[in-house]
Amino acid sequence: MPAEEPSTAAGHPIARVLPLLSPAHLDRDFDYLVPAELDEIAQPGVRVRVRFAGRLVDGYLLERLPRSDHNGKMMPLERVVSPERVLTPDILRLATAVAARYAGTRADVLRLAIPPRHARTETGGAKKTDAVKKPARSTAEVVDTADYSTSTSTSTSTSTSTSTSASASASAESVAADERDAVGPAPEAVDDEQVSRSGGSVASGSGNVGDSAERSGGDSARAAQGSGEVGDSAERSGGDSVRAAQGSSDVGDPAEEFGAGAAETAVARAGVRGMPGVAAESSVEVDASAWGRYAHGMGFVGALAQGRGVRAAWQALPGEDWAARLAELAATVVSAGRSAVLMVPDQRDLDRLLAECVALVGDSAVGLSAGLGPAARYRRWLAVLRGQARIVVGTRAAVFAPARDLGLIAIWDDGDDTYAEPRSPYPHAREVAMLRAHETGAAFVAAGFARTAEIQAVVESGWARDLLAPREVLREVAPRISAPGDSDFALERDALARSVRMPGVAFAAARSAIKENVAVLVQVPRRGYVPSLACAKCRTPARCRHCNGPLALPHSAHGAAASPQCKWCGITEAAFRCQACGARALRATVIGAGRTAEELGRAFSGVPIRTSGGGDMLDTVEPGAQVVVATVGAEPVVPGGYGVALLLDGWALLGRADLRASEDTLRRWMGAAALVRPRGQVIVMAEPSLPTVQALVRWDPVNHAAAELEARAEVGFPPAVRLAAVDGTSGSIAELLDAATLPEGTEILGPVPLPPTARKPFSGGDAPAEVERMLLRVGRSEGGPLARALAAAQAVRSTHRSDAPLRVQVDPVDIG
């Protein structure tokens, strides 16, 4: 920067800014001048507005520097949107790692991580003033600068540091150095003269956009290379090569790691009743004795109280109050002076877990979810940022919550598909949580009644440990689980037990429970009346003549007959004719919750029948004789537990053409069976010899996950490998692959049609004739190079201004 530049801030006149731009080749930092009037409030982490390519764009100020590597003329900051420092170094490092892991851009990740600003909420309801132009800093509004000078020992520098002025203070140099550790690729200065030479489409004096676009072929590759270094080490946290654990957590024996045995009695249990320890740092008292039912459970709680970065896969017992247990872990961490982030799949679980946390720590616990309004969500997010809230309970976006001194990050039921982000770069909350725990040294817990293959992989790698209950404890609390026709004796009593939808043993168990004045749960896989129809003659699925959508039979008022209706376009098909054989008769392939409730109402006359599912979901029901018909995942809780649970139509869940069909089915079944009281009865209507059914009968999710992981490794599916799905037209896919330098040994599978359940990579009005999917498969060790290659190829493609629809997803949930 020229020394004679007028009207700039003294000391550190350069602001390094990350503009929030969509093109992949512009995922870089740019240098701007800091005007003197903005010197005080232009601090690292604030939102700014800068001029870029002739227009004003939003961005984040990453750091202040004494000089820039660029020697040309630079543009000044247009304005500081707010003095609130919303982008912390930890979140910036996490965003960089996530972008590298998922072949995306930091701008896209930050859009997911930081909610939109709500000005009135941020200023406490005060009217908008000119405080941004004429700074008046307040300690209530600005995060302490000390928070921006912290860095973890596992952070990897991904940018080229610039030399600092000799006159700068040592503290300023420390802040600048740590901030440079947090940012990604090397920056480019915004230069008037370069932009004026870049082409007629860019206005003079607006920045060096055009020039950077011309150089993007090489620069984008370097940017992708730089931004992948953090993620490369972090992405191994979910793989077989994870050994570099934080602190003392990388040990061979879980008893040693969790502090069991003699060491357990010496653990510092600040504010946690049941074990001796030092004085509590806060008034929070936690009774964690319920963790004594699990092997090494008390040792694990003790390790959290010590602030150790232990990691565990916890399988909750049937009937366990999982919300209370997770709240106890979070309160233990808060007692030690740290923060906790707890993630749940939906609003119902959020309300339940938040209530338990509030009961322990009061207003120090807040909930974050998309269902909140903009003002409420931003108010709670600011409470977390400012350190007023120490426990964050939320859905998938809570994984990015700016919790201070994070001590625990936990995820409940990580197999739920709502954890998969539908927006670019399509990260999964479980993977982001493991990245964050690995980078910060925080403790990590993956909890649930069942277990996914991904969590089993990190357990087998040694990155996390099992937290299980002994089998004798399990037998005391588990219900009796059986499948009709699972023995020769059962088949002799009821020869049709395996073929009918509800065999006699299921009706007998339900009648017995109703006589005992306890509730009966009936789980069905589909909502609606008759959600799926097929030709009665040839069994071909019934399709609409207009749009080829599936036909269903809607529920009619007053029991009147209804005609089949298309589930896509809504047109009634009054005169169906099979496209395969020409027959006109139809048969139901799946019975929905509505029809099931209607049939059970006739079978159990005088007994209340309640339904839960879709838009009419019940959280709890009162105890007593009743039949509750619920779709999967919508089962309400009954105080004391259900007496009997009937799991219908198991074939509909197990028969789905999906990689995770058996894993998801077991998770759904266990979630329902866990609501049954001890020694109650669970009857699953499925083939008894299937491994998934046997895993449910034995209540053995760990071995089922291990077998699932082994089976996927044999055929080369995640998590045993890294898989990237490229969706788009044949031309856009070919363009990307031509620009990508893929790692050696990459397998290219396809193209194949886009799976019916996958979202299309374009808006409604831009539909191309055909959308295809190409799969790229590499070993786990090549996951980082593959992501960097795809990121660089997308950067090259964006410089060509190609507008053909294209989407890149790394390890998508729905493979097809």
# chains A, B, ... in the order shown; residues from 1 in each chain; ligands from 1
>>> residues_around(residues="Leu56 of chain A", least_positions_apart="5", cutoff="12 Å", atoms="only C-alpha atoms", output="ChimeraX atom specification")
/A:19-21,48-51,77-79,206-207
>>> residues_around(residues="Gly309 of chain A", least_positions_apart="6", cutoff="6 Å", atoms="only C-alpha atoms", output="CSV table (one decimal) with N, CA, C and O atoms, in the first residue's frame")
chain,number,residue,atom,x,y,z
A,441,GLY,N,-10.9,-30.0,20.4
A,441,GLY,CA,-10.7,-30.8,21.5
A,441,GLY,C,-11.8,-31.0,22.5
A,441,GLY,O,-11.7,-31.5,23.6
A,442,ALA,N,-13.0,-30.6,22.0
A,442,ALA,CA,-14.2,-30.8,22.9
A,442,ALA,C,-14.6,-32.3,22.9
A,442,ALA,O,-14.3,-33.1,22.0
A,443,ALA,N,-15.4,-32.6,23.9
A,443,ALA,CA,-15.9,-34.0,24.0
A,443,ALA,C,-17.0,-34.2,23.0
A,443,ALA,O,-17.6,-33.2,22.6
>>> closest_residue(among="A:Phe300, A:Tyr60, A:Phe30, A:Trp699", to="Ile481 of chain A", atoms="only C-alpha atoms")
A:Trp699
>>> closest_residue(among="A:Val682, A:Thr332, A:Ala478, A:Glu714", to="Val644 of chain A", atoms="only C-alpha atoms")
A:Val682
>>> residues_around(residues="Pro554 of chain A", least_positions_apart="2", cutoff="8 Å", atoms="only C-alpha atoms", output="NGL selection string")
:A and (528-531 or 552 or 556 or 562-565)
>>> residues_around(residues="Ala725 of chain A", least_positions_apart="3", cutoff="12 Å", atoms="only C-alpha atoms", output="VMD selection string")
chain A and resid 102 to 103 426 722 728 733 737 747 to 755 758 761 772 to 778 786 to 787 790 806 to 816
>>> residues_around(residues="Glu431 of chain A", least_positions_apart="6", cutoff="12 Å", atoms="only C-alpha atoms", output="MDAnalysis selection string")
chainID A and resid 94 97:98 101:102 231 234:239 396 399:400 409:411 414:415 419:421 437:438 444 446 454:455 458 719 810:813
>>> atom_distance(atom1="atom CA of Trp568 of chain A", atom2="atom CA of His546 of chain A")
9.9 Å
>>> closest_residue(among="A:Ala510, A:Ala295, A:Ala288, A:Val477", to="Ala312 of chain A", atoms="only C-alpha atoms")
A:Ala295
>>> select_by_dssp(residues="segment 621-700 of chain A", states="alpha helix (DSSP H)", output="list in words")
Gly650, Trp651, Ala652, Leu653, Leu654, Ala661, Ser662, Glu663, Asp664, Thr665, Leu666, Arg667, Arg668, Trp669, Met670, Gly671, Ala672, Ala673, Pro691, Thr692, Val693, Gln694, Ala695, Leu696, Val697 and Arg698 of chain A
>>> closest_residue(among="A:Gln523, A:Gln794, A:Thr96, A:Thr452", to="Leu675 of chain A", atoms="only C-alpha atoms")
A:Gln523
>>> select_by_dssp(residues="segment 378-514 of chain A", states="strand (DSSP E)", output="ChimeraX atom specification")
/A:391-394,406-412,443-448,465-467,480-482
>>> write_last_selection(atoms="N, CA and C atoms", output="PDB file, in the first residue's frame")
ATOM      1  N   ILE A 391     -25.583 -23.587  27.258  1.00  0.00           N
ATOM      2  CA  ILE A 391     -26.066 -24.835  26.650  1.00  0.00           C
ATOM      3  C   ILE A 391     -26.936 -24.460  25.459  1.00  0.00           C
ATOM      4  N   VAL A 392     -26.620 -25.014  24.314  1.00  0.00           N
ATOM      5  CA  VAL A 392     -27.376 -24.784  23.084  1.00  0.00           C
ATOM      6  C   VAL A 392     -28.047 -26.093  22.696  1.00  0.00           C
ATOM      7  N   VAL A 393     -29.354 -26.077  22.588  1.00  0.00           N
ATOM      8  CA  VAL A 393     -30.128 -27.229  22.129  1.00  0.00           C
ATOM      9  C   VAL A 393     -30.760 -26.841  20.804  1.00  0.00           C
ATOM     10  N   GLY A 394     -30.506 -27.600  19.763  1.00  0.00           N
ATOM     11  CA  GLY A 394     -31.030 -27.204  18.468  1.00  0.00           C
ATOM     12  C   GLY A 394     -31.018 -28.322  17.458  1.00  0.00           C
ATOM     13  N   LEU A 406     -16.093 -24.338  24.069  1.00  0.00           N
ATOM     14  CA  LEU A 406     -16.923 -25.522  23.861  1.00  0.00           C
ATOM     15  C   LEU A 406     -16.305 -26.732  24.556  1.00  0.00           C
ATOM     16  N   GLY A 407     -17.085 -27.371  25.417  1.00  0.00           N
ATOM     17  CA  GLY A 407     -16.606 -28.550  26.129  1.00  0.00           C
ATOM     18  C   GLY A 407     -17.267 -29.836  25.707  1.00  0.00           C
ATOM     19  N   LEU A 408     -18.453 -29.757  25.065  1.00  0.00           N
ATOM     20  CA  LEU A 408     -19.182 -30.965  24.676  1.00  0.00           C
ATOM     21  C   LEU A 408     -20.040 -30.665  23.473  1.00  0.00           C
ATOM     22  N   ILE A 409     -20.039 -31.574  22.523  1.00  0.00           N
ATOM     23  CA  ILE A 409     -20.983 -31.520  21.413  1.00  0.00           C
ATOM     24  C   ILE A 409     -21.588 -32.914  21.277  1.00  0.00           C
ATOM     25  N   ALA A 410     -22.914 -32.985  21.349  1.00  0.00           N
ATOM     26  CA  ALA A 410     -23.612 -34.273  21.354  1.00  0.00           C
ATOM     27  C   ALA A 410     -24.702 -34.250  20.291  1.00  0.00           C
ATOM     28  N   ILE A 411     -24.951 -35.408  19.720  1.00  0.00           N
ATOM     29  CA  ILE A 411     -25.989 -35.540  18.701  1.00  0.00           C
ATOM     30  C   ILE A 411     -26.825 -36.760  19.039  1.00  0.00           C
ATOM     31  N   TRP A 412     -28.133 -36.560  19.058  1.00  0.00           N
ATOM     32  CA  TRP A 412     -29.066 -37.647  19.360  1.00  0.00           C
ATOM     33  C   TRP A 412     -29.670 -38.174  18.063  1.00  0.00           C
ATOM     34  N   ALA A 443     -15.357 -32.646  23.938  1.00  0.00           N
ATOM     35  CA  ALA A 443     -15.892 -34.002  24.041  1.00  0.00           C
ATOM     36  C   ALA A 443     -17.000 -34.187  23.008  1.00  0.00           C
ATOM     37  N   PHE A 444     -17.224 -35.437  22.608  1.00  0.00           N
ATOM     38  CA  PHE A 444     -18.216 -35.748  21.581  1.00  0.00           C
ATOM     39  C   PHE A 444     -19.007 -36.972  22.012  1.00  0.00           C
ATOM     40  N   VAL A 445     -20.324 -36.903  21.833  1.00  0.00           N
ATOM     41  CA  VAL A 445     -21.201 -38.036  22.147  1.00  0.00           C
ATOM     42  C   VAL A 445     -22.172 -38.226  21.003  1.00  0.00           C
ATOM     43  N   ALA A 446     -22.193 -39.420  20.441  1.00  0.00           N
ATOM     44  CA  ALA A 446     -23.216 -39.818  19.474  1.00  0.00           C
ATOM     45  C   ALA A 446     -24.152 -40.777  20.196  1.00  0.00           C
ATOM     46  N   ALA A 447     -25.383 -40.339  20.427  1.00  0.00           N
ATOM     47  CA  ALA A 447     -26.308 -41.084  21.271  1.00  0.00           C
ATOM     48  C   ALA A 447     -27.511 -41.545  20.472  1.00  0.00           C
ATOM     49  N   GLY A 448     -28.119 -42.634  20.931  1.00  0.00           N
ATOM     50  CA  GLY A 448     -29.323 -43.147  20.283  1.00  0.00           C
ATOM     51  C   GLY A 448     -29.629 -44.542  20.772  1.00  0.00           C
ATOM     52  N   ARG A 465     -15.289 -44.281  21.738  1.00  0.00           N
ATOM     53  CA  ARG A 465     -15.405 -45.513  22.532  1.00  0.00           C
ATOM     54  C   ARG A 465     -16.874 -45.870  22.757  1.00  0.00           C
ATOM     55  N   ASP A 466     -17.111 -47.152  22.993  1.00  0.00           N
ATOM     56  CA  ASP A 466     -18.460 -47.626  23.308  1.00  0.00           C
ATOM     57  C   ASP A 466     -18.856 -47.191  24.709  1.00  0.00           C
ATOM     58  N   LEU A 467     -20.104 -46.808  24.854  1.00  0.00           N
ATOM     59  CA  LEU A 467     -20.692 -46.525  26.156  1.00  0.00           C
ATOM     60  C   LEU A 467     -21.985 -47.333  26.225  1.00  0.00           C
ATOM     61  N   ARG A 480     -40.215 -57.753  25.964  1.00  0.00           N
ATOM     62  CA  ARG A 480     -40.101 -59.041  25.263  1.00  0.00           C
ATOM     63  C   ARG A 480     -40.439 -58.809  23.796  1.00  0.00           C
ATOM     64  N   ILE A 481     -39.508 -59.126  22.917  1.00  0.00           N
ATOM     65  CA  ILE A 481     -39.661 -58.849  21.486  1.00  0.00           C
ATOM     66  C   ILE A 481     -39.723 -60.167  20.728  1.00  0.00           C
ATOM     67  N   SER A 482     -40.680 -60.262  19.822  1.00  0.00           N
ATOM     68  CA  SER A 482     -40.839 -61.491  19.040  1.00  0.00           C
ATOM     69  C   SER A 482     -41.382 -61.153  17.662  1.00  0.00           C
TER      70      SER A 482
END
>>> residues_around(residues="Ala740 of chain A", least_positions_apart="3", cutoff="9 Å", atoms="only C-alpha atoms", output="number ranges by chain")
A: 735-737, 789-794, 796
